[in-house]
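Coordinates as given in query_25.txt (compact mmCIF, N, CA and C atoms):
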```
# COMPACT_ATOMS: atom_id res chain seq x y z
N MET A 1 -19.96 23.32 -6.28
CA MET A 1 -19.14 22.12 -6.18
C MET A 1 -18.06 22.17 -7.24
N LEU A 2 -16.85 21.86 -6.84
CA LEU A 2 -15.73 21.81 -7.76
C LEU A 2 -15.20 20.38 -7.76
N ALA A 3 -15.41 19.67 -8.86
CA ALA A 3 -14.95 18.28 -8.96
C ALA A 3 -13.66 18.25 -9.76
N ALA A 4 -12.75 17.40 -9.31
CA ALA A 4 -11.47 17.24 -9.99
C ALA A 4 -11.04 15.78 -9.91
N PRO A 5 -10.29 15.32 -10.93
CA PRO A 5 -9.78 13.95 -10.84
C PRO A 5 -8.67 13.88 -9.80
N VAL A 6 -8.75 12.91 -8.92
CA VAL A 6 -7.79 12.76 -7.83
C VAL A 6 -7.27 11.32 -7.84
N TRP A 7 -5.96 11.16 -7.80
CA TRP A 7 -5.37 9.83 -7.68
C TRP A 7 -5.37 9.42 -6.22
N ILE A 8 -5.80 8.20 -5.98
CA ILE A 8 -5.96 7.67 -4.63
C ILE A 8 -5.09 6.44 -4.49
N ARG A 9 -4.31 6.39 -3.41
CA ARG A 9 -3.52 5.20 -3.11
C ARG A 9 -4.15 4.50 -1.92
N LEU A 10 -4.31 3.20 -2.05
CA LEU A 10 -4.91 2.38 -1.00
C LEU A 10 -3.82 1.44 -0.47
N PHE A 11 -3.07 1.94 0.52
CA PHE A 11 -1.97 1.16 1.10
C PHE A 11 -2.52 0.00 1.91
N GLY A 12 -1.87 -1.17 1.77
CA GLY A 12 -2.23 -2.32 2.57
C GLY A 12 -3.57 -2.93 2.21
N LEU A 13 -4.10 -2.61 1.05
CA LEU A 13 -5.39 -3.14 0.64
C LEU A 13 -5.26 -4.65 0.44
N PRO A 14 -6.07 -5.45 1.13
CA PRO A 14 -5.99 -6.90 0.96
C PRO A 14 -6.18 -7.31 -0.51
N THR A 15 -5.51 -8.35 -0.91
CA THR A 15 -5.56 -8.78 -2.32
C THR A 15 -6.96 -9.14 -2.77
N GLU A 16 -7.84 -9.50 -1.84
CA GLU A 16 -9.21 -9.82 -2.20
C GLU A 16 -9.94 -8.63 -2.82
N PHE A 17 -9.46 -7.42 -2.55
CA PHE A 17 -10.11 -6.20 -3.04
C PHE A 17 -9.45 -5.65 -4.32
N TRP A 18 -8.44 -6.33 -4.85
CA TRP A 18 -7.73 -5.81 -6.02
C TRP A 18 -8.44 -6.10 -7.33
N ASP A 19 -9.56 -6.74 -7.31
CA ASP A 19 -10.34 -7.00 -8.51
C ASP A 19 -10.78 -5.66 -9.10
N PRO A 20 -10.65 -5.46 -10.44
CA PRO A 20 -11.02 -4.18 -11.04
C PRO A 20 -12.45 -3.72 -10.72
N GLU A 21 -13.39 -4.63 -10.64
CA GLU A 21 -14.78 -4.25 -10.32
C GLU A 21 -14.90 -3.77 -8.87
N ILE A 22 -14.16 -4.40 -7.97
CA ILE A 22 -14.17 -3.95 -6.57
C ILE A 22 -13.51 -2.59 -6.45
N LEU A 23 -12.39 -2.40 -7.16
CA LEU A 23 -11.71 -1.10 -7.14
C LEU A 23 -12.62 -0.01 -7.73
N LYS A 24 -13.37 -0.37 -8.77
CA LYS A 24 -14.34 0.57 -9.35
C LYS A 24 -15.40 0.93 -8.31
N GLY A 25 -15.88 -0.05 -7.57
CA GLY A 25 -16.86 0.21 -6.51
C GLY A 25 -16.31 1.12 -5.43
N ILE A 26 -15.03 0.91 -5.07
CA ILE A 26 -14.38 1.78 -4.08
C ILE A 26 -14.32 3.21 -4.61
N GLY A 27 -13.92 3.34 -5.89
CA GLY A 27 -13.85 4.67 -6.50
C GLY A 27 -15.19 5.37 -6.53
N ASN A 28 -16.24 4.62 -6.83
CA ASN A 28 -17.59 5.21 -6.86
C ASN A 28 -18.11 5.52 -5.46
N THR A 29 -17.62 4.84 -4.45
CA THR A 29 -18.01 5.16 -3.07
C THR A 29 -17.35 6.46 -2.62
N ILE A 30 -16.11 6.65 -3.03
CA ILE A 30 -15.36 7.85 -2.64
C ILE A 30 -15.76 9.05 -3.49
N GLY A 31 -16.00 8.82 -4.75
CA GLY A 31 -16.34 9.89 -5.69
C GLY A 31 -17.00 9.28 -6.91
N SER A 32 -16.50 9.64 -8.09
CA SER A 32 -16.98 9.07 -9.34
C SER A 32 -15.78 8.41 -10.02
N PHE A 33 -15.78 7.09 -10.04
CA PHE A 33 -14.65 6.32 -10.54
C PHE A 33 -14.26 6.74 -11.96
N VAL A 34 -12.93 6.83 -12.20
CA VAL A 34 -12.40 7.13 -13.53
C VAL A 34 -11.67 5.91 -14.09
N LYS A 35 -10.63 5.45 -13.35
CA LYS A 35 -9.88 4.30 -13.84
C LYS A 35 -8.97 3.73 -12.77
N VAL A 36 -8.49 2.52 -13.05
CA VAL A 36 -7.48 1.86 -12.22
C VAL A 36 -6.13 2.12 -12.88
N ALA A 37 -5.13 2.43 -12.10
CA ALA A 37 -3.79 2.68 -12.64
C ALA A 37 -3.25 1.42 -13.29
N GLU A 38 -2.51 1.60 -14.38
CA GLU A 38 -1.91 0.46 -15.08
C GLU A 38 -0.99 -0.33 -14.15
N SER A 39 -0.26 0.36 -13.30
CA SER A 39 0.65 -0.33 -12.37
C SER A 39 -0.12 -1.25 -11.42
N THR A 40 -1.33 -0.86 -11.06
CA THR A 40 -2.17 -1.70 -10.20
C THR A 40 -2.70 -2.89 -10.99
N LYS A 41 -3.14 -2.65 -12.22
CA LYS A 41 -3.64 -3.75 -13.06
C LYS A 41 -2.57 -4.82 -13.27
N ARG A 42 -1.33 -4.36 -13.44
CA ARG A 42 -0.23 -5.29 -13.70
C ARG A 42 0.37 -5.88 -12.43
N GLY A 43 -0.05 -5.38 -11.27
CA GLY A 43 0.51 -5.86 -10.01
C GLY A 43 1.94 -5.40 -9.80
N ARG A 44 2.28 -4.27 -10.40
CA ARG A 44 3.66 -3.74 -10.32
C ARG A 44 4.04 -3.38 -8.89
N TYR A 45 3.14 -2.72 -8.19
CA TYR A 45 3.36 -2.37 -6.78
C TYR A 45 2.39 -3.20 -5.95
N THR A 46 2.89 -3.89 -4.97
CA THR A 46 2.00 -4.71 -4.15
C THR A 46 1.71 -4.08 -2.80
N THR A 47 2.33 -2.93 -2.51
CA THR A 47 2.07 -2.28 -1.22
C THR A 47 0.82 -1.41 -1.26
N TYR A 48 0.39 -1.01 -2.46
CA TYR A 48 -0.83 -0.21 -2.58
C TYR A 48 -1.46 -0.38 -3.94
N ALA A 49 -2.76 -0.17 -3.97
CA ALA A 49 -3.52 -0.10 -5.23
C ALA A 49 -3.78 1.36 -5.52
N ARG A 50 -3.81 1.71 -6.81
CA ARG A 50 -4.03 3.10 -7.20
C ARG A 50 -5.23 3.20 -8.12
N ILE A 51 -6.13 4.12 -7.78
CA ILE A 51 -7.30 4.40 -8.62
C ILE A 51 -7.44 5.91 -8.76
N CYS A 52 -8.19 6.31 -9.77
CA CYS A 52 -8.49 7.72 -9.99
C CYS A 52 -10.00 7.90 -9.92
N ALA A 53 -10.43 8.95 -9.24
CA ALA A 53 -11.86 9.25 -9.15
C ALA A 53 -12.07 10.76 -9.16
N TYR A 54 -13.14 11.19 -9.79
CA TYR A 54 -13.54 12.60 -9.68
C TYR A 54 -14.14 12.78 -8.30
N MET A 55 -13.68 13.83 -7.62
CA MET A 55 -14.15 14.09 -6.25
C MET A 55 -14.50 15.55 -6.09
N ASN A 56 -15.44 15.81 -5.19
CA ASN A 56 -15.78 17.17 -4.83
C ASN A 56 -14.68 17.66 -3.89
N ILE A 57 -13.78 18.48 -4.41
CA ILE A 57 -12.63 18.90 -3.62
C ILE A 57 -12.92 20.14 -2.78
N THR A 58 -14.16 20.61 -2.79
CA THR A 58 -14.51 21.72 -1.91
C THR A 58 -14.96 21.20 -0.55
N GLU A 59 -15.21 19.91 -0.46
CA GLU A 59 -15.61 19.27 0.79
C GLU A 59 -14.41 18.54 1.38
N PRO A 60 -14.41 18.28 2.70
CA PRO A 60 -13.31 17.50 3.28
C PRO A 60 -13.25 16.11 2.64
N LEU A 61 -12.04 15.65 2.35
CA LEU A 61 -11.86 14.34 1.74
C LEU A 61 -11.77 13.28 2.84
N PRO A 62 -12.43 12.13 2.66
CA PRO A 62 -12.41 11.11 3.70
C PRO A 62 -11.01 10.53 3.91
N ASP A 63 -10.69 10.21 5.16
CA ASP A 63 -9.40 9.61 5.50
C ASP A 63 -9.42 8.10 5.36
N THR A 64 -10.60 7.51 5.54
CA THR A 64 -10.74 6.06 5.46
C THR A 64 -12.06 5.71 4.78
N ILE A 65 -12.14 4.46 4.38
CA ILE A 65 -13.39 3.91 3.84
C ILE A 65 -13.55 2.52 4.47
N ASP A 66 -14.76 2.17 4.80
CA ASP A 66 -15.04 0.85 5.35
C ASP A 66 -15.48 -0.08 4.24
N LEU A 67 -14.78 -1.21 4.13
CA LEU A 67 -15.08 -2.21 3.11
C LEU A 67 -15.54 -3.48 3.82
N GLU A 68 -16.55 -4.12 3.27
CA GLU A 68 -17.06 -5.34 3.88
C GLU A 68 -16.64 -6.54 3.04
N TYR A 69 -16.13 -7.58 3.72
CA TYR A 69 -15.71 -8.80 3.06
C TYR A 69 -16.00 -9.99 3.97
N HIS A 70 -16.84 -10.90 3.52
CA HIS A 70 -17.22 -12.08 4.31
C HIS A 70 -17.65 -11.70 5.73
N ASP A 71 -18.58 -10.77 5.83
CA ASP A 71 -19.14 -10.32 7.12
C ASP A 71 -18.11 -9.67 8.04
N GLU A 72 -16.99 -9.26 7.50
CA GLU A 72 -16.00 -8.52 8.28
C GLU A 72 -15.84 -7.14 7.66
N ILE A 73 -15.54 -6.17 8.51
CA ILE A 73 -15.34 -4.79 8.05
C ILE A 73 -13.84 -4.50 8.03
N TRP A 74 -13.37 -4.00 6.90
CA TRP A 74 -11.97 -3.60 6.74
C TRP A 74 -11.92 -2.07 6.68
N HIS A 75 -11.18 -1.44 7.59
CA HIS A 75 -11.03 0.02 7.60
C HIS A 75 -9.82 0.36 6.74
N GLN A 76 -10.09 0.87 5.56
CA GLN A 76 -9.03 1.15 4.59
C GLN A 76 -8.63 2.62 4.62
N PRO A 77 -7.36 2.91 4.97
CA PRO A 77 -6.88 4.30 4.88
C PRO A 77 -6.79 4.74 3.42
N ILE A 78 -7.01 6.03 3.20
CA ILE A 78 -6.96 6.60 1.85
C ILE A 78 -5.86 7.65 1.81
N ASP A 79 -5.01 7.55 0.80
CA ASP A 79 -3.93 8.51 0.59
C ASP A 79 -4.18 9.18 -0.76
N TYR A 80 -4.19 10.50 -0.77
CA TYR A 80 -4.50 11.25 -1.99
C TYR A 80 -3.23 11.80 -2.63
N LYS A 81 -3.19 11.74 -3.95
CA LYS A 81 -2.08 12.31 -4.72
C LYS A 81 -2.67 13.29 -5.73
N HIS A 82 -1.90 14.31 -6.04
CA HIS A 82 -2.25 15.27 -7.10
C HIS A 82 -3.58 15.97 -6.84
N ILE A 83 -3.77 16.44 -5.63
CA ILE A 83 -4.94 17.25 -5.33
C ILE A 83 -4.62 18.68 -5.78
N PRO A 84 -5.52 19.33 -6.49
CA PRO A 84 -5.25 20.71 -6.91
C PRO A 84 -4.96 21.61 -5.71
N PHE A 85 -4.12 22.61 -5.95
CA PHE A 85 -3.73 23.52 -4.87
C PHE A 85 -4.92 24.30 -4.34
N ARG A 86 -4.85 24.59 -3.06
CA ARG A 86 -5.86 25.39 -2.39
C ARG A 86 -5.18 26.67 -1.90
N CYS A 87 -5.88 27.77 -2.04
CA CYS A 87 -5.35 29.07 -1.61
C CYS A 87 -5.10 29.09 -0.10
N ARG A 88 -3.92 29.56 0.31
CA ARG A 88 -3.61 29.66 1.75
C ARG A 88 -4.45 30.73 2.43
N ARG A 89 -4.93 31.68 1.68
CA ARG A 89 -5.65 32.82 2.26
C ARG A 89 -7.13 32.52 2.49
N CYS A 90 -7.83 32.14 1.42
CA CYS A 90 -9.29 31.96 1.53
C CYS A 90 -9.70 30.48 1.53
N HIS A 91 -8.72 29.59 1.32
CA HIS A 91 -8.93 28.14 1.34
C HIS A 91 -9.84 27.65 0.21
N GLU A 92 -9.94 28.42 -0.85
CA GLU A 92 -10.70 28.00 -2.03
C GLU A 92 -9.76 27.37 -3.04
N TYR A 93 -10.29 26.47 -3.86
CA TYR A 93 -9.51 25.86 -4.93
C TYR A 93 -9.61 26.72 -6.17
N GLY A 94 -8.65 26.58 -7.04
CA GLY A 94 -8.71 27.26 -8.33
C GLY A 94 -7.77 28.45 -8.47
N HIS A 95 -7.16 28.88 -7.38
CA HIS A 95 -6.17 29.95 -7.47
C HIS A 95 -5.21 29.84 -6.29
N LEU A 96 -4.07 30.49 -6.42
CA LEU A 96 -3.07 30.51 -5.35
C LEU A 96 -3.15 31.83 -4.59
N TYR A 97 -2.40 31.91 -3.51
CA TYR A 97 -2.41 33.08 -2.62
C TYR A 97 -2.21 34.38 -3.39
N ARG A 98 -1.21 34.41 -4.25
CA ARG A 98 -0.89 35.66 -4.96
C ARG A 98 -2.00 36.10 -5.91
N GLU A 99 -2.90 35.17 -6.27
CA GLU A 99 -3.99 35.49 -7.18
C GLU A 99 -5.33 35.55 -6.45
N CYS A 100 -5.30 35.46 -5.12
CA CYS A 100 -6.53 35.43 -4.34
C CYS A 100 -7.27 36.76 -4.43
N PRO A 101 -8.58 36.72 -4.67
CA PRO A 101 -9.35 37.97 -4.73
C PRO A 101 -9.24 38.79 -3.45
N ILE A 102 -9.14 38.13 -2.32
CA ILE A 102 -8.99 38.86 -1.04
C ILE A 102 -7.66 39.59 -1.01
N THR A 103 -6.59 38.88 -1.38
CA THR A 103 -5.26 39.48 -1.40
C THR A 103 -5.20 40.62 -2.39
N LEU A 104 -5.78 40.39 -3.58
CA LEU A 104 -5.75 41.43 -4.61
C LEU A 104 -6.52 42.67 -4.15
N SER A 105 -7.68 42.48 -3.54
CA SER A 105 -8.45 43.65 -3.10
C SER A 105 -7.72 44.39 -1.98
N GLU A 106 -7.00 43.67 -1.11
CA GLU A 106 -6.22 44.33 -0.06
C GLU A 106 -5.05 45.11 -0.66
N LYS A 107 -4.42 44.54 -1.69
CA LYS A 107 -3.32 45.24 -2.36
C LYS A 107 -3.84 46.50 -3.05
N GLU A 108 -5.03 46.40 -3.65
CA GLU A 108 -5.63 47.57 -4.28
C GLU A 108 -5.93 48.65 -3.25
N LYS A 109 -6.43 48.24 -2.07
CA LYS A 109 -6.71 49.20 -0.99
C LYS A 109 -5.42 49.85 -0.51
N GLU A 110 -4.36 49.04 -0.36
CA GLU A 110 -3.07 49.59 0.06
C GLU A 110 -2.55 50.58 -0.96
N ALA A 111 -2.67 50.25 -2.24
CA ALA A 111 -2.20 51.15 -3.31
C ALA A 111 -3.01 52.44 -3.30
N GLU A 112 -4.31 52.33 -3.09
CA GLU A 112 -5.16 53.52 -3.03
C GLU A 112 -4.79 54.39 -1.83
N ASN A 113 -4.55 53.79 -0.68
CA ASN A 113 -4.13 54.55 0.51
C ASN A 113 -2.80 55.23 0.26
N GLU A 114 -1.88 54.54 -0.40
CA GLU A 114 -0.58 55.13 -0.72
C GLU A 114 -0.75 56.33 -1.65
N ARG A 115 -1.62 56.20 -2.65
CA ARG A 115 -1.89 57.33 -3.55
C ARG A 115 -2.46 58.52 -2.78
N ARG A 116 -3.38 58.25 -1.84
CA ARG A 116 -3.97 59.32 -1.04
C ARG A 116 -2.92 60.00 -0.17
N ASN A 117 -2.03 59.21 0.43
CA ASN A 117 -0.97 59.78 1.27
C ASN A 117 -0.04 60.67 0.46
N VAL A 118 0.29 60.22 -0.76
CA VAL A 118 1.14 61.02 -1.63
C VAL A 118 0.42 62.31 -2.02
N ALA A 119 -0.86 62.22 -2.32
CA ALA A 119 -1.64 63.41 -2.70
C ALA A 119 -1.70 64.39 -1.53
N LYS A 120 -1.87 63.89 -0.29
CA LYS A 120 -1.90 64.78 0.89
C LYS A 120 -0.57 65.49 1.06
N LYS A 121 0.53 64.76 0.87
CA LYS A 121 1.87 65.37 1.01
C LYS A 121 2.06 66.46 -0.02
N ILE A 122 1.58 66.20 -1.26
CA ILE A 122 1.73 67.19 -2.33
C ILE A 122 0.91 68.43 -1.99
N ARG A 123 -0.33 68.26 -1.47
CA ARG A 123 -1.17 69.41 -1.13
C ARG A 123 -0.57 70.21 0.01
N LYS A 124 0.10 69.53 0.92
CA LYS A 124 0.70 70.22 2.07
C LYS A 124 2.03 70.84 1.68
N GLY A 125 2.49 70.51 0.49
CA GLY A 125 3.72 71.12 0.00
C GLY A 125 4.96 70.36 0.44
N GLY A 126 4.81 69.13 0.64
CA GLY A 126 6.03 68.51 1.01
C GLY A 126 6.13 67.10 1.06
```
Do you think you could lay out the structure here as structure tokens?
Amino acid sequence: MLAAPVWIRLFGLPTEFWDPEILKGIGNTIGSFVKVAESTKRGRYTTYARICAYMNITEPLPDTIDLEYHDEIWHQPIDYKHIPFRCRRCHEYGHLYRECPITLSEKEKEAENERRNVAKKIRKGG
């Protein structure tokens, strides 16, 4: 498991859910709550609330979360910011394509094949 802090934006979150304790509960439902953004605490942006949570980024991240309020269910979309890069080749976190072990081993194989081809040409005299 690879956990990383991820900023989460909750667009259209009803004001009833903007209480810091409720936002903490949302963060703990999604992952492991870290903090509420200062802009959210101050009400600077009213179109979304922002929280940070440690999440297992090796698993698919949820698109929505269901919140219950007065016997009603609210389907809250989740927007993620600052997710660490994932390799295009092996889809693992922690390195980019150019540093991928698969890519590196293929480059090493190509280099070895090139060395062998050069050695064959030299042995054949040309």
Q.
Using DSSP assignments from the backbone, pull out every residue in chain A that falls under strand (DSSP E) and give it to me as number ranges by chain.
A. A: 3-11, 32-36, 48-56, 64-69, 72-77, 79-81
I need the residues from that last selection saved to file as a short mmCIF file (atom, residue, chain, number, x, y, z; two decimals), in the frame of the given file (with N, CA and C atoms), if you can.
```
data_model
loop_
_atom_site.label_atom_id
_atom_site.label_comp_id
_atom_site.auth_asym_id
_atom_site.auth_seq_id
_atom_site.Cartn_x
_atom_site.Cartn_y
_atom_site.Cartn_z
N ALA A 3 -15.41 19.67 -8.86
CA ALA A 3 -14.95 18.28 -8.96
C ALA A 3 -13.66 18.25 -9.76
N ALA A 4 -12.75 17.40 -9.31
CA ALA A 4 -11.47 17.24 -9.99
C ALA A 4 -11.04 15.78 -9.91
N PRO A 5 -10.29 15.32 -10.93
CA PRO A 5 -9.78 13.95 -10.84
C PRO A 5 -8.67 13.88 -9.80
N VAL A 6 -8.75 12.91 -8.92
CA VAL A 6 -7.79 12.76 -7.83
C VAL A 6 -7.27 11.32 -7.84
N TRP A 7 -5.96 11.16 -7.80
CA TRP A 7 -5.37 9.83 -7.68
C TRP A 7 -5.37 9.42 -6.22
N ILE A 8 -5.80 8.20 -5.98
CA ILE A 8 -5.96 7.67 -4.63
C ILE A 8 -5.09 6.44 -4.49
N ARG A 9 -4.31 6.39 -3.41
CA ARG A 9 -3.52 5.20 -3.11
C ARG A 9 -4.15 4.50 -1.92
N LEU A 10 -4.31 3.20 -2.05
CA LEU A 10 -4.91 2.38 -1.00
C LEU A 10 -3.82 1.44 -0.47
N PHE A 11 -3.07 1.94 0.52
CA PHE A 11 -1.97 1.16 1.10
C PHE A 11 -2.52 0.00 1.91
N SER A 32 -16.50 9.64 -8.09
CA SER A 32 -16.98 9.07 -9.34
C SER A 32 -15.78 8.41 -10.02
N PHE A 33 -15.78 7.09 -10.04
CA PHE A 33 -14.65 6.32 -10.54
C PHE A 33 -14.26 6.74 -11.96
N VAL A 34 -12.93 6.83 -12.20
CA VAL A 34 -12.40 7.13 -13.53
C VAL A 34 -11.67 5.91 -14.09
N LYS A 35 -10.63 5.45 -13.35
CA LYS A 35 -9.88 4.30 -13.84
C LYS A 35 -8.97 3.73 -12.77
N VAL A 36 -8.49 2.52 -13.05
CA VAL A 36 -7.48 1.86 -12.22
C VAL A 36 -6.13 2.12 -12.88
N TYR A 48 0.39 -1.01 -2.46
CA TYR A 48 -0.83 -0.21 -2.58
C TYR A 48 -1.46 -0.38 -3.94
N ALA A 49 -2.76 -0.17 -3.97
CA ALA A 49 -3.52 -0.10 -5.23
C ALA A 49 -3.78 1.36 -5.52
N ARG A 50 -3.81 1.71 -6.81
CA ARG A 50 -4.03 3.10 -7.20
C ARG A 50 -5.23 3.20 -8.12
N ILE A 51 -6.13 4.12 -7.78
CA ILE A 51 -7.30 4.40 -8.62
C ILE A 51 -7.44 5.91 -8.76
N CYS A 52 -8.19 6.31 -9.77
CA CYS A 52 -8.49 7.72 -9.99
C CYS A 52 -10.00 7.90 -9.92
N ALA A 53 -10.43 8.95 -9.24
CA ALA A 53 -11.86 9.25 -9.15
C ALA A 53 -12.07 10.76 -9.16
N TYR A 54 -13.14 11.19 -9.79
CA TYR A 54 -13.54 12.60 -9.68
C TYR A 54 -14.14 12.78 -8.30
N MET A 55 -13.68 13.83 -7.62
CA MET A 55 -14.15 14.09 -6.25
C MET A 55 -14.50 15.55 -6.09
N ASN A 56 -15.44 15.81 -5.19
CA ASN A 56 -15.78 17.17 -4.83
C ASN A 56 -14.68 17.66 -3.89
N THR A 64 -10.60 7.51 5.54
CA THR A 64 -10.74 6.06 5.46
C THR A 64 -12.06 5.71 4.78
N ILE A 65 -12.14 4.46 4.38
CA ILE A 65 -13.39 3.91 3.84
C ILE A 65 -13.55 2.52 4.47
N ASP A 66 -14.76 2.17 4.80
CA ASP A 66 -15.04 0.85 5.35
C ASP A 66 -15.48 -0.08 4.24
N LEU A 67 -14.78 -1.21 4.13
CA LEU A 67 -15.08 -2.21 3.11
C LEU A 67 -15.54 -3.48 3.82
N GLU A 68 -16.55 -4.12 3.27
CA GLU A 68 -17.06 -5.34 3.88
C GLU A 68 -16.64 -6.54 3.04
N TYR A 69 -16.13 -7.58 3.72
CA TYR A 69 -15.71 -8.80 3.06
C TYR A 69 -16.00 -9.99 3.97
N GLU A 72 -16.99 -9.26 7.50
CA GLU A 72 -16.00 -8.52 8.28
C GLU A 72 -15.84 -7.14 7.66
N ILE A 73 -15.54 -6.17 8.51
CA ILE A 73 -15.34 -4.79 8.05
C ILE A 73 -13.84 -4.50 8.03
N TRP A 74 -13.37 -4.00 6.90
CA TRP A 74 -11.97 -3.60 6.74
C TRP A 74 -11.92 -2.07 6.68
N HIS A 75 -11.18 -1.44 7.59
CA HIS A 75 -11.03 0.02 7.60
C HIS A 75 -9.82 0.36 6.74
N GLN A 76 -10.09 0.87 5.56
CA GLN A 76 -9.03 1.15 4.59
C GLN A 76 -8.63 2.62 4.62
N PRO A 77 -7.36 2.91 4.97
CA PRO A 77 -6.88 4.30 4.88
C PRO A 77 -6.79 4.74 3.42
N ASP A 79 -5.01 7.55 0.80
CA ASP A 79 -3.93 8.51 0.59
C ASP A 79 -4.18 9.18 -0.76
N TYR A 80 -4.19 10.50 -0.77
CA TYR A 80 -4.50 11.25 -1.99
C TYR A 80 -3.23 11.80 -2.63
N LYS A 81 -3.19 11.74 -3.95
CA LYS A 81 -2.08 12.31 -4.72
C LYS A 81 -2.67 13.29 -5.73
#
```
Q. Atom N of Ser105 of chain A and atom CA of Glu59 of chain A are how many Å apart?
A.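 One can read the atom N of Ser105 of chain A to atom CA of Glu59 of chain A distance as 24.9 Å.
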Q: Would you work out the distance separating atom C of Pro77 of chain A from atom N of Thr58 of chain A, expressed in Å to one decimal?
A: 18.6 Å
**Q.** Computed interatomic separation between atom N of Thr29 of chain A and atom CA of Arg44 of chain A (Å)
**A.** 23.7 Å
Q: Name all residues at most 7 Å from Ala3 of chain A (count all atoms listed in the file; drop same-chain ones fewer than 5 positions away) and give them as a PyMOL selection string.
A: chain A and resi 54-58
Q | Nearest candidate to Leu10 of chain A (options A:Ser39, A:Asn28, A:Thr64, A:Thr103; using only C-alpha atoms) | A |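 That would be A:Thr64, the residue with the smallest distance to Leu10 of chain A.
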Only C-alpha atoms, as a PDB file, in the first residue's frame: that is what I want for segment 64-77 of chain A.
```
ATOM      1  CA  THR A  64     -18.468   9.888  -5.026  1.00  0.00           C
ATOM      2  CA  ILE A  65     -19.319   9.484  -1.374  1.00  0.00           C
ATOM      3  CA  ASP A  66     -22.789   9.086   0.100  1.00  0.00           C
ATOM      4  CA  LEU A  67     -23.569  11.415   2.995  1.00  0.00           C
ATOM      5  CA  GLU A  68     -26.642  11.088   5.179  1.00  0.00           C
ATOM      6  CA  TYR A  69     -28.472  14.141   6.507  1.00  0.00           C
ATOM      7  CA  HIS A  70     -31.920  14.073   8.159  1.00  0.00           C
ATOM      8  CA  ASP A  71     -32.730  10.631   6.704  1.00  0.00           C
ATOM      9  CA  GLU A  72     -31.763  11.765   3.207  1.00  0.00           C
ATOM     10  CA  ILE A  73     -28.777  10.561   1.203  1.00  0.00           C
ATOM     11  CA  TRP A  74     -26.595  13.129  -0.566  1.00  0.00           C
ATOM     12  CA  HIS A  75     -24.373  11.764  -3.391  1.00  0.00           C
ATOM     13  CA  GLN A  76     -21.287  13.956  -3.203  1.00  0.00           C
ATOM     14  CA  PRO A  77     -18.877  13.991  -6.173  1.00  0.00           C
TER      15      PRO A  77
END
```
